[in-house]
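Trainee: Following this line is work_37.cif, made up of mmCIF, C-alpha atoms and all ligand atoms:
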```
data_coords
loop_
_atom_site.label_atom_id
_atom_site.label_comp_id
_atom_site.auth_asym_id
_atom_site.auth_seq_id
_atom_site.Cartn_x
_atom_site.Cartn_y
_atom_site.Cartn_z
CA MET A 1361 -9.53 11.78 48.81
CA VAL A 1362 -7.14 11.00 45.99
CA LYS A 1363 -4.32 13.53 45.68
CA GLY A 1364 -5.18 16.34 43.31
CA TRP A 1365 -8.89 15.64 43.33
CA ARG A 1366 -11.46 18.05 44.58
CA GLN A 1367 -14.88 17.35 45.94
CA ARG A 1368 -17.25 18.69 43.38
CA ARG A 1369 -20.61 18.56 45.02
CA GLY A 1370 -21.67 18.37 48.59
CA GLY A 1371 -23.74 15.79 50.37
CA GLY A 1372 -23.64 12.98 47.83
CA GLY A 1373 -26.70 14.34 46.01
CA GLU A 1374 -27.13 14.93 42.32
CA THR A 1375 -25.82 17.94 40.51
CA ALA A 1376 -28.12 20.93 40.49
CA ARG A 1377 -29.26 20.95 36.85
CA THR A 1378 -30.75 23.73 34.88
CA PRO A 1379 -33.78 22.65 32.85
CA THR A 1380 -31.82 23.11 29.66
CA GLY A 1381 -28.49 21.90 31.01
CA GLY A 1382 -26.41 19.58 28.87
CA GLU A 1383 -24.84 16.47 30.21
CA VAL A 1384 -21.26 15.27 30.47
CA LEU A 1385 -20.93 11.50 30.42
CA ALA A 1386 -17.58 9.91 31.23
CA ILE A 1387 -17.10 6.39 29.88
CA VAL A 1388 -14.73 4.51 32.17
CA SER A 1389 -13.60 0.99 32.94
CA GLY A 1390 -11.25 -0.80 35.26
CA LYS A 1391 -9.88 -3.34 32.82
CA GLY A 1392 -8.68 -2.25 29.40
CA GLY A 1393 -10.08 -3.50 26.11
CA VAL A 1394 -13.65 -3.95 27.33
CA GLY A 1395 -15.12 -1.85 24.50
CA LYS A 1396 -15.24 1.74 25.82
CA THR A 1397 -14.09 3.45 22.64
CA ASN A 1398 -16.40 1.41 20.43
CA LEU A 1399 -19.29 2.23 22.72
CA ALA A 1400 -18.36 5.92 22.95
CA VAL A 1401 -18.24 6.28 19.17
CA ASN A 1402 -21.42 4.32 18.48
CA LEU A 1403 -23.42 5.81 21.35
CA GLY A 1404 -22.34 9.25 20.13
CA ILE A 1405 -23.61 8.56 16.62
CA GLN A 1406 -26.85 7.07 17.87
CA LEU A 1407 -27.45 10.00 20.24
CA SER A 1408 -26.89 12.35 17.29
CA ARG A 1409 -29.49 10.40 15.34
CA TYR A 1410 -31.90 11.02 18.19
CA GLY A 1411 -31.37 14.74 17.76
CA SER A 1412 -28.74 15.59 20.39
CA ARG A 1413 -25.72 17.67 19.49
CA VAL A 1414 -22.91 15.42 20.64
CA VAL A 1415 -19.19 16.05 21.07
CA LEU A 1416 -16.93 13.10 21.72
CA LEU A 1417 -13.73 13.93 23.57
CA ASP A 1418 -11.16 11.20 23.18
CA ALA A 1419 -9.48 11.55 26.55
CA ASP A 1420 -6.99 8.82 25.94
CA PHE A 1421 -4.02 11.12 26.32
CA GLY A 1422 -1.45 8.66 25.09
CA LEU A 1423 -2.99 5.82 23.12
CA ALA A 1424 -6.00 7.45 21.51
CA ASN A 1425 -7.94 5.61 18.86
CA ALA A 1426 -11.40 7.08 18.34
CA ASP A 1427 -10.01 8.75 15.20
CA ILE A 1428 -8.86 5.37 13.91
CA LEU A 1429 -12.27 3.78 14.50
CA LEU A 1430 -13.93 6.71 12.75
CA ASN A 1431 -11.34 6.90 9.97
CA LEU A 1432 -10.75 10.58 10.68
CA SER A 1433 -7.73 12.65 9.79
CA PRO A 1434 -7.66 15.38 12.40
CA LEU A 1435 -5.59 18.48 11.90
CA GLY A 1436 -4.30 18.03 15.42
CA ASP A 1437 -5.24 16.79 18.84
CA VAL A 1438 -5.87 18.14 22.30
CA SER A 1439 -2.16 18.75 22.86
CA ASP A 1440 -2.28 21.27 19.99
CA LEU A 1441 -5.16 22.99 21.70
CA LEU A 1442 -3.15 23.32 24.87
CA ASP A 1443 -0.08 24.53 23.01
CA GLY A 1444 -2.22 27.13 21.27
CA ARG A 1445 -1.21 25.73 17.87
CA TYR A 1446 -4.82 25.25 16.82
CA SER A 1447 -8.16 26.54 18.02
CA LEU A 1448 -11.02 24.35 19.13
CA ASP A 1449 -12.81 25.11 15.85
CA ASP A 1450 -9.79 23.80 13.97
CA LEU A 1451 -9.71 20.64 16.07
CA LEU A 1452 -13.38 19.71 16.18
CA VAL A 1453 -13.66 17.12 13.44
CA ASP A 1454 -16.95 16.15 11.84
CA GLY A 1455 -17.62 12.46 12.26
CA PRO A 1456 -20.58 10.50 10.92
CA GLU A 1457 -24.14 11.78 11.26
CA GLY A 1458 -23.44 14.98 13.10
CA LEU A 1459 -21.09 13.59 15.75
CA ARG A 1460 -18.18 15.96 16.38
CA VAL A 1461 -14.91 14.71 17.77
CA VAL A 1462 -11.95 16.18 19.60
CA CYS A 1463 -9.25 13.63 18.95
CA GLY A 1464 -6.99 12.32 21.66
CA VAL A 1465 -3.25 12.05 21.64
CA SER A 1466 -1.30 9.21 20.13
CA GLY A 1467 2.20 8.81 21.42
CA PHE A 1468 2.20 12.08 23.30
CA THR A 1469 4.55 12.11 26.22
CA ARG A 1470 5.48 14.86 28.54
CA ASN A 1471 8.54 14.02 30.60
CA GLY A 1472 8.30 10.64 28.90
CA ASP A 1473 5.09 9.79 30.75
CA PRO A 1474 1.91 9.45 28.72
CA CYS A 1475 -0.18 9.91 31.85
CA ASP A 1476 1.38 13.24 32.65
CA PHE A 1477 -1.14 15.16 30.62
CA ASP A 1478 -2.96 18.19 31.90
CA ALA A 1479 -6.56 17.02 31.58
CA SER A 1480 -7.84 19.96 33.56
CA ALA A 1481 -6.21 22.44 31.17
CA CYS A 1482 -7.75 20.54 28.30
CA LEU A 1483 -11.22 20.72 29.81
CA ARG A 1484 -10.75 24.43 30.57
CA ALA A 1485 -9.86 25.02 26.94
CA LEU A 1486 -13.04 23.27 25.90
CA ARG A 1487 -15.16 25.85 27.69
CA ARG A 1488 -15.72 27.41 24.31
CA LEU A 1489 -18.19 24.63 23.57
CA ASP A 1490 -20.50 26.10 26.14
CA GLY A 1491 -24.02 26.19 24.76
CA ALA A 1492 -22.97 24.50 21.53
CA CYS A 1493 -23.70 20.89 22.42
CA ASP A 1494 -26.20 18.84 24.39
CA VAL A 1495 -24.06 15.87 25.33
CA VAL A 1496 -20.32 15.51 25.82
CA LEU A 1497 -19.07 11.94 25.84
CA ILE A 1498 -15.63 11.54 27.34
CA ASP A 1499 -13.91 8.35 26.27
CA CYS A 1500 -11.48 7.73 29.13
CA PRO A 1501 -8.54 5.38 29.21
CA ALA A 1502 -8.88 2.33 31.47
CA GLY A 1503 -8.15 2.69 35.16
CA VAL A 1504 -8.04 5.69 37.42
CA ALA A 1505 -4.84 7.55 36.51
CA PRO A 1506 -5.04 11.30 37.29
CA PRO A 1507 -6.31 12.36 33.82
CA VAL A 1508 -9.15 9.84 34.11
CA ALA A 1509 -9.98 11.11 37.58
CA ALA A 1510 -10.01 14.68 36.29
CA CYS A 1511 -12.38 13.75 33.46
CA ALA A 1512 -14.62 11.67 35.69
CA LEU A 1513 -14.91 14.43 38.26
CA SER A 1514 -16.04 16.79 35.54
CA ALA A 1515 -18.86 14.47 34.54
CA ASP A 1516 -22.50 14.38 35.55
CA ARG A 1517 -22.67 10.70 35.03
CA LEU A 1518 -20.30 7.77 34.85
CA ILE A 1519 -20.86 5.01 32.37
CA VAL A 1520 -18.88 2.05 33.60
CA VAL A 1521 -18.15 -0.51 30.90
CA THR A 1522 -17.31 -4.07 31.85
CA THR A 1523 -17.44 -7.53 30.38
CA PRO A 1524 -18.96 -10.42 32.37
CA GLU A 1525 -15.48 -11.73 33.27
CA PRO A 1526 -14.78 -11.76 37.00
CA THR A 1527 -11.54 -9.82 36.47
CA ALA A 1528 -13.32 -7.05 34.55
CA LEU A 1529 -16.08 -6.90 37.18
CA ALA A 1530 -13.57 -6.71 40.03
CA ASP A 1531 -11.69 -3.91 38.24
CA ALA A 1532 -14.95 -2.08 37.49
CA TYR A 1533 -15.83 -2.20 41.17
CA ALA A 1534 -12.35 -0.95 42.14
CA THR A 1535 -12.69 1.93 39.68
CA LEU A 1536 -16.06 2.95 41.07
CA LYS A 1537 -14.67 2.79 44.57
CA MET A 1538 -11.70 5.00 43.68
CA LEU A 1539 -13.82 7.55 41.83
CA TYR A 1540 -16.44 7.88 44.57
CA ARG A 1541 -13.84 7.98 47.32
CA GLY A 1542 -12.06 10.59 45.21
CA GLY A 1543 -15.05 12.88 45.27
CA PHE A 1544 -17.36 11.89 42.44
CA CYS A 1545 -20.94 11.94 43.62
CA GLY A 1546 -23.06 11.86 40.50
CA ARG A 1547 -24.95 8.95 39.02
CA ALA A 1548 -23.27 5.85 37.69
CA GLY A 1549 -24.59 3.26 35.30
CA VAL A 1550 -23.18 0.04 33.95
CA ILE A 1551 -23.01 -1.39 30.44
CA VAL A 1552 -22.05 -5.05 30.25
CA ASN A 1553 -20.34 -5.61 26.91
CA MET A 1554 -19.49 -8.77 24.98
CA VAL A 1555 -22.14 -10.89 26.67
CA ARG A 1556 -23.26 -14.28 25.41
CA SER A 1557 -26.80 -14.02 26.79
CA ARG A 1558 -29.15 -11.69 28.60
CA ASP A 1559 -28.85 -13.86 31.70
CA GLU A 1560 -25.09 -13.50 31.67
CA ALA A 1561 -25.47 -9.71 31.46
CA ARG A 1562 -28.07 -9.62 34.20
CA SER A 1563 -25.95 -11.74 36.49
CA ALA A 1564 -22.82 -9.62 35.86
CA TRP A 1565 -24.71 -6.39 36.52
CA GLY A 1566 -26.24 -7.92 39.67
CA ARG A 1567 -22.85 -8.87 41.08
CA LEU A 1568 -21.49 -5.38 40.53
CA GLN A 1569 -24.64 -3.72 41.84
CA ARG A 1570 -24.68 -5.84 45.01
CA ALA A 1571 -21.02 -5.10 45.76
CA ALA A 1572 -21.50 -1.36 45.11
CA GLU A 1573 -24.59 -1.23 47.30
CA ARG A 1574 -23.13 -3.24 50.14
CA PHE A 1575 -19.65 -1.75 50.34
CA LEU A 1576 -20.05 1.72 48.83
CA GLY A 1577 -23.73 2.45 49.48
CA LEU A 1578 -24.22 3.11 45.75
CA SER A 1579 -27.16 2.30 43.57
CA LEU A 1580 -25.99 1.58 40.03
CA GLU A 1581 -28.20 1.99 36.98
CA ASP A 1582 -28.50 -0.94 34.63
CA LEU A 1583 -27.92 0.77 31.27
CA GLY A 1584 -28.04 -2.46 29.31
CA GLN A 1585 -25.84 -4.93 27.56
CA VAL A 1586 -24.20 -5.47 24.19
CA PRO A 1587 -23.65 -8.97 22.89
CA LEU A 1588 -20.38 -10.38 21.70
CA ASP A 1589 -21.01 -9.74 18.03
CA ARG A 1590 -18.63 -10.41 15.15
CA HIS A 1591 -20.10 -7.39 13.33
CA VAL A 1592 -18.35 -5.14 15.86
CA VAL A 1593 -15.00 -6.71 15.00
CA LYS A 1594 -15.72 -6.46 11.26
CA ALA A 1595 -16.73 -2.82 11.62
CA VAL A 1596 -13.49 -2.04 13.50
CA ARG A 1597 -11.48 -3.62 10.69
CA GLU A 1598 -13.44 -1.62 8.12
CA ARG A 1599 -13.04 1.56 10.19
CA VAL A 1600 -16.75 2.27 10.01
CA PRO A 1601 -18.73 2.41 13.27
CA VAL A 1602 -20.94 -0.64 13.67
CA VAL A 1603 -24.19 1.36 13.97
CA VAL A 1604 -23.41 2.85 10.55
CA ARG A 1605 -22.01 -0.21 8.79
CA TYR A 1606 -24.29 -2.86 10.32
CA PRO A 1607 -27.26 -0.94 11.73
CA HIS A 1608 -29.43 -4.04 12.10
CA CYS A 1609 -26.99 -6.35 13.84
CA SER A 1610 -27.68 -7.31 17.44
CA ALA A 1611 -24.90 -5.08 18.84
CA SER A 1612 -26.33 -2.05 17.01
CA SER A 1613 -29.83 -2.68 18.25
CA CYS A 1614 -28.61 -3.02 21.85
CA ILE A 1615 -26.66 0.25 21.46
CA SER A 1616 -29.92 1.92 20.36
CA ASP A 1617 -31.64 0.58 23.48
CA ILE A 1618 -28.87 1.98 25.66
CA CYS A 1619 -29.18 5.36 23.94
CA ARG A 1620 -32.84 5.54 24.81
CA ARG A 1621 -31.85 5.16 28.46
CA ILE A 1622 -29.10 7.75 28.42
CA ALA A 1623 -30.48 10.32 25.95
CA PRO A 1624 -31.07 13.67 27.59
CA PRO A 1625 -34.69 14.73 27.94
CA ALA A 1626 -35.84 16.78 24.97
CA VAL A 1627 -34.55 20.30 25.25
CA ALA A 1628 -37.53 22.60 25.18
CA GLY A 1629 -37.31 26.26 24.29
CA GLY A 1630 -33.63 26.62 23.74
CA ARG A 1631 -30.27 25.03 23.80
CA PRO A 1632 -28.33 24.08 26.89
CA ALA A 1633 -26.10 26.68 28.40
CA GLY A 1634 -23.44 26.45 31.01
CA LEU A 1635 -22.27 22.95 30.16
CA TRP A 1636 -18.58 23.63 29.91
CA THR A 1637 -18.75 26.28 32.55
CA ARG A 1638 -19.80 23.51 34.89
CA VAL A 1639 -17.12 21.19 33.53
CA ALA A 1640 -14.42 23.76 33.96
CA SER A 1641 -15.67 24.90 37.36
CA VAL A 1642 -14.20 21.74 38.81
CA PHE A 1643 -10.77 23.13 38.11
CA LEU A 1644 -11.12 26.87 38.47
N1 LIG A 1701 -19.66 -6.15 21.56
C1 LIG A 1701 -18.52 -6.58 21.02
N2 LIG A 1701 -18.47 -7.75 20.33
C2 LIG A 1701 -17.30 -8.19 19.81
N3 LIG A 1701 -16.13 -7.56 19.91
C3 LIG A 1701 -16.12 -6.39 20.59
C4 LIG A 1701 -17.29 -5.84 21.17
N4 LIG A 1701 -16.96 -4.66 21.77
C5 LIG A 1701 -15.65 -4.50 21.55
N5 LIG A 1701 -15.13 -5.54 20.85
C6 LIG A 1701 -13.73 -5.75 20.44
O1 LIG A 1701 -12.89 -5.32 21.49
C7 LIG A 1701 -11.85 -4.50 20.98
C8 LIG A 1701 -11.48 -3.46 22.00
O2 LIG A 1701 -12.51 -2.47 22.05
P1 LIG A 1701 -12.20 -0.96 22.45
O3 LIG A 1701 -10.98 -0.46 21.79
O4 LIG A 1701 -13.45 -0.20 22.24
O5 LIG A 1701 -11.91 -1.17 24.01
P2 LIG A 1701 -11.46 -0.07 25.07
O6 LIG A 1701 -12.12 -0.40 26.35
O7 LIG A 1701 -11.67 1.29 24.53
O8 LIG A 1701 -9.90 -0.37 25.16
P3 LIG A 1701 -8.81 0.54 25.94
O9 LIG A 1701 -8.99 0.25 27.39
O10 LIG A 1701 -7.51 0.01 25.40
O11 LIG A 1701 -9.07 1.97 25.59
C9 LIG A 1701 -12.41 -3.93 19.68
O12 LIG A 1701 -11.40 -3.69 18.75
C10 LIG A 1701 -13.36 -4.96 19.18
O13 LIG A 1701 -12.66 -5.85 18.32
MG MG A 1702 -10.35 2.92 24.26
#
```
Would you mind writing the file out in structure tokens?
Ligand SMILES: Nc1ncnc2c1ncn2[C@@H]1O[C@H](COP(=O)(O)OP(=O)(O)OP(=O)(O)O)[C@@H](O)[C@H]1O
Ligand SMILES: [Mg+2]

Mentor:
Amino acid sequence: MVKGWRQRRGGGGETARTPTGGEVLAIVSGKGGVGKTNLAVNLGIQLSRYGSRVVLLDADFGLANADILLNLSPLGDVSDLLDGRYSLDDLLVDGPEGLRVVCGVSGFTRNGDPCDFDASACLRALRRLDGACDVVLIDCPAGVAPPVAACALSADRLIVVTTPEPTALADAYATLKMLYRGGFCGRAGVIVNMVRSRDEARSAWGRLQRAAERFLGLSLEDLGQVPLDRHVVKAVRERVPVVVRYPHCSASSCISDICRRIAPPAVAGGRPAGLWTRVASVFL
């Protein structure tokens, strides 16, 4: 087990879920720059459109940029929450179409090390969201530094983002291996981003799935693919999420398809409770 990590659930099974329980999804990757933040932002907006109350936590505790993509001007970031400078209500920023965002930290260093950030304290502070959202998307930095591990271990589900490149696939596999060996035992699904064809996506997913099954005994979900689409790049430059700016482009329609696969089942007879209690219980 990786130092500082704790086994969250026994026996490799799924989390015990209450019928109205919300879901924490951690978006991770091995290689950087594969499109996690773009996916987190756009999946969050699309899930909101489908009726879920979504909070996006930008867990990049050093080089955050969800706020840049969304053109937000937050009052502060998670470090202010931890310092007690601002409350969670102050820091939850309204993004497009009902998405709410807790912005990450740009340039924050403690002891000069951007990785030395107390992710567990941050997640504990976010307990106040309990019962106030259906889905929490955690946009993690690339790799498996301790803050990423802390966020991933708090999640019900991992969404591993990769491109079809062999280097990205190898790093995605290494990340999965580290997270499962470190104690994660929830579900994991894969999104293959920046693909040139469906076949390319299918083949990339197959390679990762076969390796995970053979060497880790894991069954990965195929959550879908997003094409290499110039509209995504244009939307980034315009600082408007692609599903808002170009809702009919091929990337946006693939993001909608992915949302249908990851959207929580309709919440009947009440709102989820206990979400952040479960998140924080990892650390308490
Ligand atoms: N489907 C796509 N088609 C074309 N370009 C894309 C696509 N997805 C992402 N990009 C480009 O890749 C860049 C990097 O994306 P993003 O910042 O979301 O990656 P990331 O995985 O969050 O990076 P980091 O690891 O640094 O946090 C974007 O600015 C965008 O230009
Ligand atoms: Mg990012």

Trainee: Could you tell me how far atom CA of Gly1503 of chain A sits from atom C2 of ligand LIG 1701 (chain A), in Å to one decimal place?

Mentor: 20.9 Å

Trainee: Smallest atom-to-atom distance to ligand MG 1702 (chain A): which of A:Val1592, A:Ile1387, A:Met1538, A:Ala1515, using only C-alpha atoms and all ligand atoms?

Mentor: A:Ile1387

Trainee: For ligand MG 1702 (chain A), collect every residue having any atom at a distance of at most 6 Å from a ligand atom (counting all atoms listed in the file); output as an mmCIF file with C-alpha atoms, in the coordinates of the input.

Mentor:
```cif
data_model
loop_
_atom_site.group_PDB
_atom_site.id
_atom_site.type_symbol
_atom_site.label_atom_id
_atom_site.label_comp_id
_atom_site.auth_asym_id
_atom_site.auth_seq_id
_atom_site.Cartn_x
_atom_site.Cartn_y
_atom_site.Cartn_z
ATOM 1 C CA LYS A 1396 -15.240 1.740 25.820
ATOM 2 C CA THR A 1397 -14.090 3.450 22.640
ATOM 3 C CA PRO A 1501 -8.540 5.380 29.210
#
```

Trainee: Identify, counting only C-alpha atoms and all ligand atoms, the protein, DNA and RNA residues located within 8 Å of ligand LIG 1701 (chain A), and give them as a ChimeraX atom specification.

Mentor: /A:1389,1391-1400,1420,1423-1425,1499-1502,1521,1553-1555,1586-1594,1596,1611

Trainee: Have a look at A:Arg1517, A:Arg1556, A:Lys1537, A:Arg1621 and name the one nearest to Leu1576 of chain A; count all atoms listed in the file.

Mentor: A:Lys1537

Trainee: Would it be fine to have segment 1413-1432 of chain A, with N, CA and C atoms, given as a short mmCIF file (atom, residue, chain, number, x, y, z; two decimals), in the first residue's frame?

Mentor:
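Generated file (decode16.cif):
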```
data_model
loop_
_atom_site.label_atom_id
_atom_site.label_comp_id
_atom_site.auth_asym_id
_atom_site.auth_seq_id
_atom_site.Cartn_x
_atom_site.Cartn_y
_atom_site.Cartn_z
N ARG A 1413 -27.39 17.83 -9.68
CA ARG A 1413 -26.73 18.98 -9.06
C ARG A 1413 -25.25 18.61 -8.94
N VAL A 1414 -24.43 19.35 -9.69
CA VAL A 1414 -23.04 18.93 -9.85
C VAL A 1414 -22.10 19.98 -9.24
N VAL A 1415 -21.14 19.51 -8.48
CA VAL A 1415 -20.05 20.38 -8.00
C VAL A 1415 -18.76 19.86 -8.60
N LEU A 1416 -18.01 20.75 -9.21
CA LEU A 1416 -16.70 20.41 -9.76
C LEU A 1416 -15.65 20.93 -8.79
N LEU A 1417 -14.84 20.01 -8.29
CA LEU A 1417 -13.71 20.41 -7.44
C LEU A 1417 -12.45 20.34 -8.29
N ASP A 1418 -11.84 21.50 -8.50
CA ASP A 1418 -10.57 21.52 -9.23
C ASP A 1418 -9.48 21.16 -8.23
N ALA A 1419 -9.05 19.91 -8.31
CA ALA A 1419 -8.08 19.41 -7.32
C ALA A 1419 -6.66 19.56 -7.81
N ASP A 1420 -6.48 20.40 -8.80
CA ASP A 1420 -5.11 20.68 -9.20
C ASP A 1420 -4.57 21.71 -8.21
N PHE A 1421 -3.88 21.22 -7.20
CA PHE A 1421 -3.44 22.09 -6.11
C PHE A 1421 -2.09 22.68 -6.44
N GLY A 1422 -2.01 23.36 -7.54
CA GLY A 1422 -0.74 23.97 -7.93
C GLY A 1422 -0.88 24.68 -9.27
N LEU A 1423 -1.43 23.95 -10.24
CA LEU A 1423 -1.57 24.54 -11.58
C LEU A 1423 -3.01 24.40 -12.05
N ALA A 1424 -3.91 24.95 -11.25
CA ALA A 1424 -5.34 24.80 -11.55
C ALA A 1424 -5.73 25.61 -12.77
N ASN A 1425 -6.68 25.09 -13.54
CA ASN A 1425 -7.17 25.93 -14.64
C ASN A 1425 -8.62 25.75 -15.04
N ALA A 1426 -9.42 25.08 -14.24
CA ALA A 1426 -10.85 25.00 -14.55
C ALA A 1426 -11.45 26.41 -14.58
N ASP A 1427 -11.00 27.27 -13.67
CA ASP A 1427 -11.54 28.64 -13.62
C ASP A 1427 -11.21 29.41 -14.90
N ILE A 1428 -10.05 29.09 -15.48
CA ILE A 1428 -9.66 29.78 -16.72
C ILE A 1428 -10.56 29.30 -17.87
N LEU A 1429 -10.76 27.98 -17.93
CA LEU A 1429 -11.62 27.44 -18.99
C LEU A 1429 -13.04 27.98 -18.89
N LEU A 1430 -13.49 28.21 -17.65
CA LEU A 1430 -14.87 28.65 -17.44
C LEU A 1430 -14.99 30.17 -17.36
N ASN A 1431 -13.83 30.84 -17.45
CA ASN A 1431 -13.82 32.30 -17.37
C ASN A 1431 -14.44 32.80 -16.06
N LEU A 1432 -14.05 32.15 -14.97
CA LEU A 1432 -14.59 32.52 -13.66
C LEU A 1432 -13.61 33.40 -12.91
#
```
